[in-house]
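Everything below concerns the one structure shown next.
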Amino acid sequence: PAAWAAAMLTKFETKSNRVKGLSFHPKRPWILASLHSGVVQLWDYRMGTLIDRFDEHDGPVRGVHFHRTQPLFVSGGDDYKIKVWNYKNRRCLFTLLGHLDYIRTVQFHEEHPWIVSASDDQTIRVWNWQSRSCIAVLTGHNHYVMCAAFHAKEDLVVSASLDQTVRVWDISGLRKRSSAGGPGGPGGPGGDDDLMRLGQQMNSDLFGGGDAVVKYVLEGHDRGVNWAAFHPTLPLIVSGADDRQVKLWRMNDTKAWEVDTLRGHLNNVSCVMFHARQDIIVSNSEDKSVRVWDMSKRTGVQTYRREHDRFWILAAHPELNLLAAGHDSGMIVFKLERERPAYACHGGTLYFVKDRYLRAYDYASGRDNPLVSLRRAGSSAGPASGARSISYNPAENAVLVNSDADGGSYELLIIPREGGGARGGGEPSDSRRGQGQCAVFIARNRFAVLDKAHSEILIKNLRNEVTKKCTPAVPSLDAIFFAGTGSLLLRSEDRVALFDVQQRVVTAELSTPFVKYVVWNADMTQVALLSKHTVIIASRKLEHLCTVHETIRVKSGAWDECGVFVYTTLNHVKYCLPNGDSGIVRTLDNPVYLTRVQGDVACCLDRDGKNRTLQIDNTEYVFKLALVRRQYDRVLHMIRTAPLCGQAIIAYLQNKGYPEVALHFVRDERTRFNLAIECGNIEAALQAAHELDEKDAWHTLGVEALRQGNKDVVEFAYQKTKNFERLSFLYLIMGNTEKLQKMLKIADMRGDAMSRFHNALFLGDVEERVKILEEAGYAALAYVCAKTHGLDETAERLAGELEELPEMPTMADGGEPKLLVPPAPYLREDNWPLLTVSKSLFEQAFGASAGAGGGAGGEQAGGAMGMGEDDAMAMEDAGDAWGDGDDLDLGGEGGGDDSMGLGGEGDEDEDGSGGWEMEDLELPADVLAGAGGGAADISEAGPFVVPTPGVPAAQRWAQKTPLAAECAAAGDFDAAARLLHRQLGVVNLEPLRQHFVAAYLGSHAAMPGAPSAQGATLLVPLERGWSEQSGAAGTGAPAVVAKLSTLEDDLRRAYKWVTEGKFSEALRTFVRIMQSCFMLVVETRREVDEVKELLAIAAGYTAALRIELQRKEVAKEDPKRAVELAAYFTHAPGLQNVHLALALRSAMSSAFKAKCYGTSASMARRLVELAPAPKVMAQAKQVLGACEKAGLGDALDLDYDARNPFVTCNSAFTPIYKGSKTVACPASGAKYHPDAEGDVCGVSQVGKIGADGSGLMVSHSQAR
């Protein structure tokens, strides 16, 4: 039967030069691709990224191979060189020389340190890569040797040659010589033995030697053989040749013979191999196809075709079911069949398909029973024709099995209700087949089938009879999924629609990436839509709840019994909460497919269809879910019992506004202190500050306590930091003149004249001020002060001491001077009265646990603190330390030895009372217990003091965002500038000022305040994507002024101005577009690529227009320079064809007028290749003819070489030819000579030339 064309299950694809060699890494998701351009690329096919490139070969590289265990790979190229590389060190270790022509293939041996290479010099060489020498030359082919490969287990090498033969070589002698130690083995060096070995070595080099001999010569192909390969376990060989045939050969110990010929390719067969895990042969050809052949039937079963690319090479992964094929424009990594088992779960049973049996797995008992056998698909079935999905009907005990056979088909099976497992998987009691892309049950006796060809949904009964047809208004409908009784989910390219079968209407739609799988929760209230790299959670009515983006492919998912969606990627088990929070549950060694998650056990199927159970720790996501659902009793229970810890949990609680809960998990005192300050918990902060006992901590505590009006803690914090000025001001605003008097005496004791003067000023004590001024030597000022305030006796005394009396100041309005006395306070309370609120559940619970035994705690604390019982003021009950008047004598026996005037332990005055013991002062018990003044009698269950303040929207926006636009919108211009500097090397912020201001203004709406409030306005934050469901919490994303669509309109306008020759206007527009790109915010990866493309276009045109404007400036004074600049303009990257044509026409004319006929002719040829308008084409051809007639010489010595690739320096406007060093601006990508490093880029106007940049971030998807 003819092979049928099919779509390849492509996992990864690259675009590059022709790929001639491929090799999979045995363990990591890497693949090597050697190119016709001489480059070897190392790709991560799972992430889709280029890891490294190696380009030391001169000419095409045809062979490449990874070592099985060492971090090595080998490559061979047309430069006759074999290079061994260390990919960890990213360098070539050494080069093996010996071949005299192109090297076709290279391969490491599985066990020995050998490399086999095949060459166009008609030889095969075996090398020892440890000794770096050739140990055998296999001669016998009389044409190019196209490939050579070791056998996986035996001492054999197979080779294919254009001499139309396949040869099998016996290298057992090489193994024996290697095990015997070679020249240094048994029978060591000496005399005749050395001469004999030297002769053997010469013969070996000339004639091939005896260590490797031909065992079989396989003849049968009519044209040159391009490839031959061993079967990994069976004594089989497969070969492909230019006669378009694939031949299968068998061998034994004595002979080898042809078994069969596989015909079907329409051109030369490039490569052929056995599949490692299935009985199939895979071949590719220059006829642009990859073909799959059944080894047992020896017929073609599948064909994959490309439109324009010939295939050259195949590679198979040594362990996974992956293949790779190299073609003219890149390579593809693909599978021949889907490895995901088809399964459906109902109740406690899993129904799945394995080995053409429908099986049932009981979760409780762990039994796996075959139910019924599935019919074998039609004769055209290929490897990808297995079961794709199944749908189970519990009412009728029926199953629909969907497969890709015959272009899409289904099988309806009625499972016997009794004895199904005992029948050992016999034939079903009833089975019917039909054509259709998808089939799913929608009722107890109805199922829906998608007829993709007619975009119809057929409703059938259990007799497989059509009862109804629906044509939903969904364009490009290509799949249907179950959505509850009587409903379907319809998939198209970019959306999913909810379809009511009874009413035949679409009731809801949701824009999504291409959805592959749909998973409903148990009560059908939420659905998870899985696409290649996205998980979308939606409600029953397709209302979007959240989206999670992944860089690794999403493979499967299941709903936890708590309502959390647990899903797998290729290497992780992850979770997603309904609010969008996600995280990692555990890592995976191999991909699995989740079928059920219950508690800490995840049930799954592996790729072999085996049921497995994984132990998972669900504590983290159950805790977060309880917080999201406000199930605080459960949160408290988990806090007390579950092993929750770690910085991730603490950060999560902080971000979600639960610092008081995070406080419970923290043992580090510094973190406890910061969290307590954040949630306004003065008591916890005070305890942590005692432990830390650092000046910064006491200062921060004082600031927070002052904000809350807790003067006791403020006073204590100022005392601990010895901040006398703040203490004095605190007593002033409290109206506590008694303590101000004491502060005055303390200042006197400390000898701080300025502090004494301030305290005297606060107290209105004129005599003290005059005394301070006199003691400080300011007698004139003292006289003025005394005279002004009516202290006549003191003034007369001072006047007698002064030689000349100062002039007395006068009041400007002739009024009388008044004494500065602090106003009497209206209210004297212990602490500022606070709003009465109830304690939260967490604070009550934590307070109860922390205060167990708190009945005696107050007195114990009071006693421990050494404070009075009734007075909360530490300074009030410090004994006689404050003193009365002249009786105060602070300091110890040493008098003035204590420079701060603070008595330490043991420092007492003459009557035995202690000094002002700042270090020993502690708080009273009621302060430590958290009650101040009048609030002290409030019981624990009663009103509380401090409400948790809300977080301003702008502060939420700026928290941990990697996007400069969002920081600017939040008003945090410093953070935006730092992000741009880190990402793009931005150092000149002046051009971005207007963009920053516009972003901030655009994210807020101003609402006028009350009429009585002059000029008062209320700024209302505007959030992106806000809806009523977002609530007060908002979306956490500010509205952004700059839009991608607006910039695209500006781009079209700029193109028009370039076409019209309005270069100045166009330049300003392109610069604005480029700088606006820095302030964009987009959602999808596709939009990120569009922004980067737009930025590259704007930067390219900006650079080009700067060259053109420079040309116009020098056109009259320097014709030579003008011609050079016109030529450089034509090499600007990214120009539209119409603009390139205009640039070429201008450069052609300039060069022709300057008699630079060679350059003008070059421009004319390039212009003709663009196929411009007929008039321009005619002119170009005329100029070309005139230049050829004039001799194609240049009258001016131009600094321009059209044949040597170059970029233009955007500072000096001179060419930088390939191979020369350059530096670039990370903001625009513009290139410069190295001497411009450190300057501001002239293209972007903001970036620093040569700076490092991590790359522009315009979407949160880039940070995931």
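All residue names refer to the structure tokens as shown: chains lettered A, B, ... in order, residues numbered from 1 in each chain, ligands numbered from 1 in order.
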
Selection: 10 Å around region 597-609 of chain A, only C-alpha atoms, excl. self and same-chain fewer than 5 positions, as an MDAnalysis selection string: chainID A and resid 321 338:343 350 352:355 363 556:562 564:567 573 590:592 614:619 622

Would you save the residues of that selection, restricted to N, CA and C atoms, as a short mmCIF file (atom, residue, chain, number, x, y, z; two decimals), in the first residue's frame?
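Now in selection36.cif:
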data_model
loop_
_atom_site.label_atom_id
_atom_site.label_comp_id
_atom_site.auth_asym_id
_atom_site.auth_seq_id
_atom_site.Cartn_x
_atom_site.Cartn_y
_atom_site.Cartn_z
N ASN A 321 11.85 8.64 22.81
CA ASN A 321 11.21 8.43 21.52
C ASN A 321 11.25 9.71 20.70
N ARG A 338 2.26 9.91 19.27
CA ARG A 338 1.97 10.55 20.53
C ARG A 338 2.21 9.56 21.67
N GLU A 339 2.93 9.98 22.69
CA GLU A 339 3.24 9.10 23.82
C GLU A 339 2.27 9.29 24.98
N ARG A 340 1.42 10.27 24.89
CA ARG A 340 0.46 10.51 25.96
C ARG A 340 -0.61 9.43 25.91
N PRO A 341 -0.83 8.67 26.99
CA PRO A 341 -1.89 7.66 26.97
C PRO A 341 -3.26 8.33 26.93
N ALA A 342 -4.19 7.68 26.28
CA ALA A 342 -5.57 8.15 26.29
C ALA A 342 -6.23 7.64 27.56
N TYR A 343 -6.84 8.55 28.35
CA TYR A 343 -7.42 8.11 29.61
C TYR A 343 -8.59 9.00 29.98
N LEU A 350 -9.94 4.52 36.81
CA LEU A 350 -9.29 5.15 35.67
C LEU A 350 -9.42 4.22 34.47
N PHE A 352 -8.18 3.61 30.65
CA PHE A 352 -7.10 4.06 29.78
C PHE A 352 -6.79 2.99 28.74
N VAL A 353 -6.09 3.38 27.70
CA VAL A 353 -5.76 2.48 26.60
C VAL A 353 -4.28 2.17 26.65
N LYS A 354 -3.97 0.86 26.57
CA LYS A 354 -2.58 0.42 26.54
C LYS A 354 -2.50 -0.86 25.73
N ASP A 355 -1.59 -0.88 24.80
CA ASP A 355 -1.35 -2.07 23.97
C ASP A 355 -2.64 -2.59 23.34
N TYR A 363 -8.26 2.76 41.82
CA TYR A 363 -7.34 3.51 42.68
C TYR A 363 -7.23 2.89 44.07
N SER A 556 -0.15 17.83 31.43
CA SER A 556 -1.40 17.27 31.94
C SER A 556 -1.80 18.03 33.19
N GLY A 557 -2.98 17.68 33.73
CA GLY A 557 -3.42 18.34 34.95
C GLY A 557 -4.59 17.61 35.57
N ALA A 558 -4.82 17.86 36.87
CA ALA A 558 -5.96 17.28 37.60
C ALA A 558 -6.29 18.22 38.75
N TRP A 559 -7.58 18.21 39.13
CA TRP A 559 -8.02 19.08 40.22
C TRP A 559 -7.87 18.35 41.56
N ASP A 560 -7.27 19.05 42.49
CA ASP A 560 -7.18 18.53 43.85
C ASP A 560 -8.57 18.60 44.50
N GLU A 561 -8.78 17.78 45.51
CA GLU A 561 -10.07 17.76 46.19
C GLU A 561 -10.38 19.08 46.87
N CYS A 562 -9.35 19.91 47.13
CA CYS A 562 -9.57 21.21 47.76
C CYS A 562 -9.97 22.29 46.76
N VAL A 564 -7.73 23.09 44.05
CA VAL A 564 -6.49 23.58 43.45
C VAL A 564 -6.19 22.76 42.21
N PHE A 565 -5.79 23.45 41.14
CA PHE A 565 -5.43 22.73 39.92
C PHE A 565 -3.95 22.38 39.97
N VAL A 566 -3.66 21.08 39.92
CA VAL A 566 -2.28 20.58 39.91
C VAL A 566 -1.97 20.11 38.50
N TYR A 567 -0.86 20.58 37.96
CA TYR A 567 -0.53 20.22 36.59
C TYR A 567 0.95 19.86 36.47
N VAL A 573 6.00 19.05 38.77
CA VAL A 573 4.59 19.07 39.17
C VAL A 573 4.36 20.44 39.80
N ASN A 590 11.02 12.07 34.67
CA ASN A 590 10.46 11.84 33.34
C ASN A 590 9.03 12.39 33.31
N PRO A 591 8.56 12.77 32.14
CA PRO A 591 7.19 13.31 32.07
C PRO A 591 6.16 12.26 32.49
N VAL A 592 5.14 12.72 33.20
CA VAL A 592 4.01 11.86 33.58
C VAL A 592 2.72 12.62 33.30
N LEU A 614 2.76 9.34 42.99
CA LEU A 614 3.81 10.25 43.42
C LEU A 614 3.42 10.85 44.77
N GLN A 615 4.36 10.87 45.69
CA GLN A 615 4.13 11.55 46.96
C GLN A 615 4.42 13.04 46.77
N ILE A 616 3.45 13.87 47.12
CA ILE A 616 3.63 15.31 46.98
C ILE A 616 3.34 15.98 48.32
N ASP A 617 3.92 17.12 48.54
CA ASP A 617 3.67 17.93 49.74
C ASP A 617 2.70 19.04 49.35
N ASN A 618 1.45 18.88 49.77
CA ASN A 618 0.44 19.87 49.38
C ASN A 618 0.24 20.95 50.42
N THR A 619 1.10 20.99 51.45
CA THR A 619 0.90 21.94 52.55
C THR A 619 0.89 23.38 52.05
N VAL A 622 -2.35 24.27 49.97
CA VAL A 622 -3.56 24.22 50.80
C VAL A 622 -3.58 25.43 51.74
#

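Close contacts of Val1168 (chain A), defined as residues with an atom at most 8 Å away when counting only C-alpha atoms, with chain neighbours fewer than 4 positions off set aside, comprise Ala1164, Pro1172, Met1177, Ala1180 and Lys1181 of chain A.
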
Residues near Gly48 (chain A), cut-off 12 Å, only C-alpha atoms, skip fewer than 2 positions along chain, as a list of chain:residue names: A:Lys11, A:Phe12, A:Glu13, A:Thr14, A:Lys15, A:Pro29, A:Trp30, A:Ile31, A:Leu42, A:Trp43, A:Asp44, A:Tyr45, A:Arg46, A:Leu50, A:Ile51, A:Ile332, A:Val333, A:Thr551, A:Ile552, A:Arg553

Test item: residues at most 12 Å from Lys83 (chain A), only C-alpha atoms, excluding those fewer than 2 positions along its chain, as a PyMOL selection string: chain A and resi 40+54-58+61+63-65+72-81+85-86+91-98+103+106-107+115+117+127+129+132

d(CA of His758 (chain A), CA of Tyr778 (chain A)) in Å: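 These two atoms are separated by 16.0 Å.
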
Helix (DSSP H, G or I) call set, DSSP backbone run, region 999-1165 of chain A, as a ChimeraX atom specification: /A:999-1002,1028-1030,1044-1060,1063-1077,1085-1114,1119-1129,1137-1153,1157-1165
